[in-house]
$ cat structure-v2.txt   # compact mmCIF, C-alpha atoms and all ligand atoms
# COMPACT_ATOMS: atom_id res chain seq x y z
CA MET A 6 6.46 -55.99 12.51
CA ARG A 7 8.67 -56.19 15.54
CA ALA A 8 6.07 -55.27 18.13
CA THR A 9 3.63 -57.84 16.78
CA SER A 10 6.16 -60.65 16.79
CA LEU A 11 7.25 -59.73 20.30
CA ALA A 12 3.67 -59.78 21.49
CA SER A 13 3.06 -63.12 19.78
CA ALA A 14 6.17 -64.58 21.35
CA ALA A 15 5.02 -63.32 24.73
CA ILE A 16 1.64 -64.98 24.37
CA VAL A 17 3.24 -68.28 23.33
CA ALA A 18 5.60 -68.04 26.31
CA LEU A 19 2.72 -67.29 28.63
CA ALA A 20 0.63 -70.14 27.29
CA SER A 21 3.43 -72.57 28.08
CA GLN A 22 3.57 -71.36 31.70
CA ALA A 23 -0.09 -71.20 32.45
CA SER A 24 0.37 -72.36 36.01
CA ALA A 25 3.07 -69.83 36.92
CA GLU A 26 2.14 -67.41 39.65
CA THR A 27 3.10 -63.80 40.17
CA ILE A 28 4.20 -63.26 43.75
CA LYS A 29 3.93 -59.66 44.87
CA VAL A 30 6.66 -58.48 47.24
CA ASP A 31 6.38 -55.07 48.88
CA VAL A 32 9.74 -53.34 49.31
CA GLY A 33 9.81 -51.09 52.36
CA PRO A 34 6.07 -50.79 53.03
CA ASN A 35 4.92 -48.46 55.83
CA GLY A 36 8.38 -46.97 56.19
CA GLN A 37 9.82 -50.27 57.39
CA PHE A 38 13.22 -51.52 56.27
CA ALA A 39 11.73 -54.85 55.29
CA PHE A 40 10.39 -56.93 52.44
CA LYS A 41 6.84 -58.19 52.84
CA PRO A 42 6.70 -61.14 52.53
CA ASN A 43 10.35 -61.97 53.21
CA ASN A 44 10.14 -65.77 53.30
CA ILE A 45 8.76 -66.92 49.99
CA LYS A 46 7.98 -70.29 48.49
CA ALA A 47 8.21 -70.20 44.71
CA ARG A 48 8.08 -72.70 41.91
CA ILE A 49 9.96 -72.70 38.64
CA GLY A 50 8.39 -70.13 36.35
CA ASP A 51 6.86 -68.06 39.14
CA VAL A 52 7.53 -64.35 38.93
CA LEU A 53 8.58 -62.23 41.88
CA SER A 54 7.12 -58.76 41.42
CA PHE A 55 8.91 -56.23 43.63
CA ASN A 56 6.84 -53.12 44.41
CA PHE A 57 8.83 -50.19 45.77
CA HIS A 58 7.61 -47.95 48.56
CA PRO A 59 9.26 -44.74 49.87
CA LEU A 60 12.27 -43.99 50.45
CA ASN A 61 14.87 -45.28 47.99
CA HIS A 62 15.12 -49.03 48.09
CA SER A 63 16.53 -51.69 45.81
CA VAL A 64 16.60 -55.44 45.58
CA VAL A 65 19.72 -57.50 44.93
CA MET A 66 20.16 -61.25 44.90
CA GLY A 67 22.79 -62.37 47.40
CA ASP A 68 24.47 -65.51 48.71
CA PHE A 69 24.02 -66.82 52.22
CA ALA A 70 27.79 -66.76 52.78
CA ASN A 71 28.11 -63.02 52.10
CA PRO A 72 25.21 -61.04 53.54
CA CYS A 73 24.45 -57.67 51.91
CA ALA A 74 26.71 -58.41 48.92
CA PRO A 75 25.70 -59.47 45.41
CA ALA A 76 25.56 -63.15 44.50
CA LYS A 77 28.89 -64.37 43.12
CA THR A 78 27.22 -65.80 40.04
CA GLY A 79 24.01 -64.84 38.35
CA GLY A 80 21.35 -63.04 40.29
CA PHE A 81 19.64 -59.72 39.76
CA PHE A 82 19.68 -56.04 40.71
CA SER A 83 16.75 -53.65 40.33
CA GLY A 84 18.71 -50.42 40.67
CA PHE A 85 17.70 -47.87 43.29
CA MET A 86 14.08 -46.82 43.20
CA PRO A 87 13.36 -43.45 44.78
CA VAL A 88 9.69 -43.12 45.65
CA SER A 89 8.24 -40.10 47.45
CA SER A 90 4.76 -41.41 48.15
CA GLY A 91 2.49 -44.30 47.35
CA VAL A 92 4.13 -47.07 45.37
CA GLY A 93 6.73 -46.62 42.63
CA SER A 94 5.67 -46.42 39.00
CA GLN A 95 7.94 -49.30 38.09
CA THR A 96 8.04 -52.81 39.43
CA PHE A 97 10.99 -55.14 39.08
CA GLU A 98 10.06 -58.64 37.98
CA VAL A 99 12.29 -61.67 38.41
CA THR A 100 11.42 -65.09 37.06
CA VAL A 101 12.35 -67.98 39.32
CA ASN A 102 14.39 -70.48 37.28
CA ASN A 103 14.98 -73.20 39.84
CA THR A 104 13.92 -74.18 43.33
CA ASP A 105 17.30 -73.69 45.00
CA PRO A 106 17.19 -71.35 47.99
CA PHE A 107 18.41 -67.82 47.36
CA PHE A 108 18.58 -64.63 49.36
CA PHE A 109 17.82 -61.04 48.43
CA TYR A 110 18.44 -57.73 50.18
CA CYS A 111 18.22 -53.97 49.82
CA ALA A 112 21.57 -52.33 49.11
CA GLN A 113 20.64 -48.88 50.40
CA ASN A 114 23.33 -47.78 52.86
CA THR A 115 21.66 -44.61 54.05
CA PHE A 116 20.26 -45.92 57.33
CA SER A 117 21.83 -49.33 56.65
CA HIS A 118 18.84 -51.17 55.26
CA CYS A 119 20.35 -54.65 54.79
CA ILE A 120 22.30 -54.47 58.02
CA SER A 121 19.04 -53.57 59.76
CA GLY A 122 17.39 -56.70 58.43
CA MET A 123 16.03 -55.65 55.05
CA SER A 124 16.45 -59.01 53.35
CA GLY A 125 14.52 -62.08 52.39
CA VAL A 126 14.76 -65.61 51.12
CA VAL A 127 13.12 -67.70 48.43
CA ASN A 128 12.67 -71.42 49.08
CA GLU A 129 14.46 -71.35 52.42
CA ASP A 130 16.01 -74.60 53.59
CA SER A 131 14.45 -74.35 57.03
CA SER A 132 15.85 -77.73 58.08
CA GLY A 133 19.45 -76.58 57.59
CA LYS A 134 21.45 -73.73 59.05
CA ASN A 135 21.21 -71.37 56.07
CA THR A 136 18.03 -69.73 57.25
CA LEU A 137 16.81 -66.18 56.86
CA ASP A 138 17.25 -65.68 60.60
CA ALA A 139 20.91 -66.68 60.29
CA TYR A 140 21.39 -64.42 57.26
CA GLN A 141 19.88 -61.46 59.05
CA SER A 142 21.97 -62.10 62.17
CA ALA A 143 25.17 -62.23 60.12
CA ALA A 144 24.11 -59.07 58.24
CA GLN A 145 24.32 -57.10 61.48
CA ASN A 146 28.11 -57.52 61.39
CA VAL A 147 28.52 -56.26 57.83
CA LYS A 148 30.16 -52.83 57.46
CA SER A 149 28.11 -51.74 54.47
CA ALA A 150 25.99 -53.22 51.72
CA SER A 151 27.15 -53.34 48.12
CA ASN A 152 25.41 -53.63 44.81
CA PRO A 153 26.22 -54.55 41.21
CA ASP A 154 27.15 -51.74 38.81
CA ASN A 155 24.20 -52.27 36.54
CA VAL A 156 20.58 -53.26 36.59
CA PHE A 157 20.27 -56.86 35.42
CA GLY A 158 18.54 -60.17 35.90
CA GLY A 159 14.95 -58.94 35.83
CA ARG A 160 12.50 -56.70 34.07
CA LEU A 161 11.54 -53.15 34.93
CA VAL A 162 7.83 -52.88 34.26
CA SER A 163 5.78 -49.71 34.35
CA SER A 164 3.04 -50.55 36.80
CA ASP A 165 0.84 -47.77 35.44
CA THR A 166 0.75 -49.30 31.96
CA SER A 167 -2.83 -50.14 31.19
CA PRO A 168 -2.98 -53.82 30.29
CA THR A 169 -5.52 -53.18 27.58
CA SER A 170 -3.53 -50.46 25.80
CA THR A 171 -0.63 -51.39 23.55
CA SER A 172 0.20 -47.75 22.82
CA ALA A 173 1.06 -46.91 26.42
CA ALA A 174 4.12 -49.13 26.60
CA PRO A 175 6.72 -47.26 24.52
CA ALA A 176 6.19 -44.09 26.54
CA SER A 177 8.31 -45.58 29.29
CA THR A 178 11.40 -45.20 27.13
CA THR A 179 11.40 -41.48 27.89
CA SER A 180 11.27 -41.83 31.66
CA CYS A 181 14.96 -42.47 32.18
CA THR A 182 17.53 -39.78 31.58
CA THR A 183 20.73 -40.62 33.41
CA SER A 184 23.34 -43.31 33.05
CA ASN A 185 22.79 -46.97 33.67
CA LYS A 186 25.47 -46.94 36.35
CA ALA A 187 24.01 -47.46 39.76
CA PRO A 188 25.44 -45.49 42.66
CA ASN A 189 27.11 -47.34 45.44
CA GLY A 190 24.12 -47.49 47.69
CA ASN A 191 24.66 -43.97 48.98
CA GLY A 192 22.29 -41.09 48.73
CA TYR A 193 18.73 -41.02 47.71
CA LYS A 194 19.28 -39.85 44.17
CA ARG A 195 18.26 -41.89 41.20
CA ASP A 196 21.02 -42.67 38.78
CA THR A 197 20.02 -45.96 37.33
CA CYS A 198 17.98 -46.04 34.33
CA SER A 199 18.68 -45.13 30.71
CA GLY A 200 19.74 -47.94 28.48
CA ALA A 201 17.05 -49.85 30.22
CA GLY A 202 14.69 -47.91 27.97
CA SER A 203 14.63 -50.46 25.19
CA VAL A 204 14.27 -53.24 27.71
CA GLN A 205 11.40 -51.41 29.34
CA ALA A 206 9.67 -50.90 26.02
CA SER A 207 9.95 -54.59 25.19
CA PHE A 208 8.58 -55.62 28.50
CA GLY A 209 5.87 -53.02 28.27
CA ILE A 210 4.75 -54.91 25.21
CA VAL A 211 4.98 -58.14 27.15
CA ALA A 212 2.83 -56.56 29.85
CA ALA A 213 0.35 -55.48 27.21
CA ALA A 214 0.37 -58.99 25.78
CA LEU A 215 -0.19 -60.35 29.25
CA GLY A 216 -3.25 -58.15 29.51
CA MET A 217 -4.48 -59.40 26.15
CA ALA A 218 -3.85 -62.98 27.15
CA MET A 219 -5.82 -62.49 30.34
CA LEU A 220 -8.69 -60.94 28.43
CA LEU A 221 -8.73 -63.88 26.05
CA SER A 222 -8.67 -66.52 28.76
CU CU B 1 15.91 -50.38 51.46
$ encode --input "structure-v2.txt" --output "structure tokens"
Amino acid sequence: MRATSLASAAIVALASQASAETIKVDVGPNGQFAFKPNNIKARIGDVLSFNFHPLNHSVVMGDFANPCAPAKTGGFFSGFMPVSSGVGSQTFEVTVNNTDPFFFYCAQNTFSHCISGMSGVVNEDSSGKNTLDAYQSAAQNVKSASNPDNVFGGRLVSSDTSPTSTSAAPASTTSCTTSNKAPNGNGYKRDTCSGAGSVQASFGIVAAALGMAMLLS
């Protein structure tokens, strides 16, 4: 059975990364165009868990050399996450695969989030010149932020999935109705989600397995 083997695989994967931490990052808390925290130390295997607050934020991996633009190679993009109140029902989880510094930003152009300083860094090289301060200063001269066409590089996880219930996970497949194409950072309308349904379901099972693993430990 597919679900069972997925869950088993997830538990094996988790067991091999017992020391990995989940690092919670709030995206736009308290109406601020900011990530909290925005200067993060992470180890290989750690998971960045982006939690979206109102209005309609996103997170994209970028390069120091091109503020507010997607990384030239690899990276991730959460899609735009409209939230009216509280915290969004989905988190975006990114596993850190190496300890090289990398930057991330919000691609929302309504009110110029990245240009206003909505960015962050993981494993900043604070002894060099490629600091978050320098990135944010350079971002002020960018005309507009850009984002990849599609959600990639991470996992959309329903944060309201009960960790003890395996039946709750597949329900998330029905939550997305429009195309997987992300808009160009304009507007506050969600357009980024279907096609991610199967991915969400799989990771819902992973989340459920995580809950099981925690119960067993
Ligand atoms: Cu934003």
$ closest_residue --input "structure-v2.txt" --among "A:Ala25, A:Val30, A:Leu60, A:Val92" --to "ligand CU 1 (chain B)" --atoms "only C-alpha atoms and all ligand atoms"
A:Leu60
$ residues_near_ligand --input "structure-v2.txt" --ligand "ligand CU 1 (chain B)" --cutoff "10 Å" --atoms "only C-alpha atoms and all ligand atoms" --output "number ranges by chain"
A: 32-34, 36-40, 57-64, 85-87, 110-119, 121-124, 190
$ write_last_selection --input "structure-v2.txt" --atoms "C-alpha atoms" --output "PDB file, in the coordinates of the input"
ATOM      1  CA  VAL A  32       9.740 -53.340  49.310  1.00  0.00           C
ATOM      2  CA  GLY A  33       9.810 -51.090  52.360  1.00  0.00           C
ATOM      3  CA  PRO A  34       6.070 -50.790  53.030  1.00  0.00           C
ATOM      4  CA  GLY A  36       8.380 -46.970  56.190  1.00  0.00           C
ATOM      5  CA  GLN A  37       9.820 -50.270  57.390  1.00  0.00           C
ATOM      6  CA  PHE A  38      13.220 -51.520  56.270  1.00  0.00           C
ATOM      7  CA  ALA A  39      11.730 -54.850  55.290  1.00  0.00           C
ATOM      8  CA  PHE A  40      10.390 -56.930  52.440  1.00  0.00           C
ATOM      9  CA  PHE A  57       8.830 -50.190  45.770  1.00  0.00           C
ATOM     10  CA  HIS A  58       7.610 -47.950  48.560  1.00  0.00           C
ATOM     11  CA  PRO A  59       9.260 -44.740  49.870  1.00  0.00           C
ATOM     12  CA  LEU A  60      12.270 -43.990  50.450  1.00  0.00           C
ATOM     13  CA  ASN A  61      14.870 -45.280  47.990  1.00  0.00           C
ATOM     14  CA  HIS A  62      15.120 -49.030  48.090  1.00  0.00           C
ATOM     15  CA  SER A  63      16.530 -51.690  45.810  1.00  0.00           C
ATOM     16  CA  VAL A  64      16.600 -55.440  45.580  1.00  0.00           C
ATOM     17  CA  PHE A  85      17.700 -47.870  43.290  1.00  0.00           C
ATOM     18  CA  MET A  86      14.080 -46.820  43.200  1.00  0.00           C
ATOM     19  CA  PRO A  87      13.360 -43.450  44.780  1.00  0.00           C
ATOM     20  CA  TYR A 110      18.440 -57.730  50.180  1.00  0.00           C
ATOM     21  CA  CYS A 111      18.220 -53.970  49.820  1.00  0.00           C
ATOM     22  CA  ALA A 112      21.570 -52.330  49.110  1.00  0.00           C
ATOM     23  CA  GLN A 113      20.640 -48.880  50.400  1.00  0.00           C
ATOM     24  CA  ASN A 114      23.330 -47.780  52.860  1.00  0.00           C
ATOM     25  CA  THR A 115      21.660 -44.610  54.050  1.00  0.00           C
ATOM     26  CA  PHE A 116      20.260 -45.920  57.330  1.00  0.00           C
ATOM     27  CA  SER A 117      21.830 -49.330  56.650  1.00  0.00           C
ATOM     28  CA  HIS A 118      18.840 -51.170  55.260  1.00  0.00           C
ATOM     29  CA  CYS A 119      20.350 -54.650  54.790  1.00  0.00           C
ATOM     30  CA  SER A 121      19.040 -53.570  59.760  1.00  0.00           C
ATOM     31  CA  GLY A 122      17.390 -56.700  58.430  1.00  0.00           C
ATOM     32  CA  MET A 123      16.030 -55.650  55.050  1.00  0.00           C
ATOM     33  CA  SER A 124      16.450 -59.010  53.350  1.00  0.00           C
ATOM     34  CA  GLY A 190      24.120 -47.490  47.690  1.00  0.00           C
TER      35      GLY A 190
END
$ atom_distance --input "structure-v2.txt" --atom1 "atom CA of Ala143 of chain A" --atom2 "atom CA of Thr100 of chain A"
27.0 Å
$ residues_around --input "structure-v2.txt" --residues "Pro75 of chain A" --least-positions-apart "4" --cutoff "6 Å" --atoms "all atoms listed in the file" --output "list in words"
Met66, Gly67 and Asn152 of chain A
$ atom_distance --input "structure-v2.txt" --atom1 "atom CA of Ala70 of chain A" --atom2 "atom CA of Ser131 of chain A"
15.9 Å
$ closest_residue --input "structure-v2.txt" --among "A:Lys29, A:Phe55, A:Phe109, A:Pro42" --to "Ser94 of chain A" --atoms "all atoms listed in the file"
A:Phe55
$ closest_residue --input "structure-v2.txt" --among "A:Leu161, A:Val101, A:Ile120, A:Leu53" --to "Ser142 of chain A" --atoms "all atoms listed in the file"
A:Ile120
$ atom_distance --input "structure-v2.txt" --atom1 "atom CA of Ser163 of chain A" --atom2 "atom CA of Ser83 of chain A"
13.1 Å
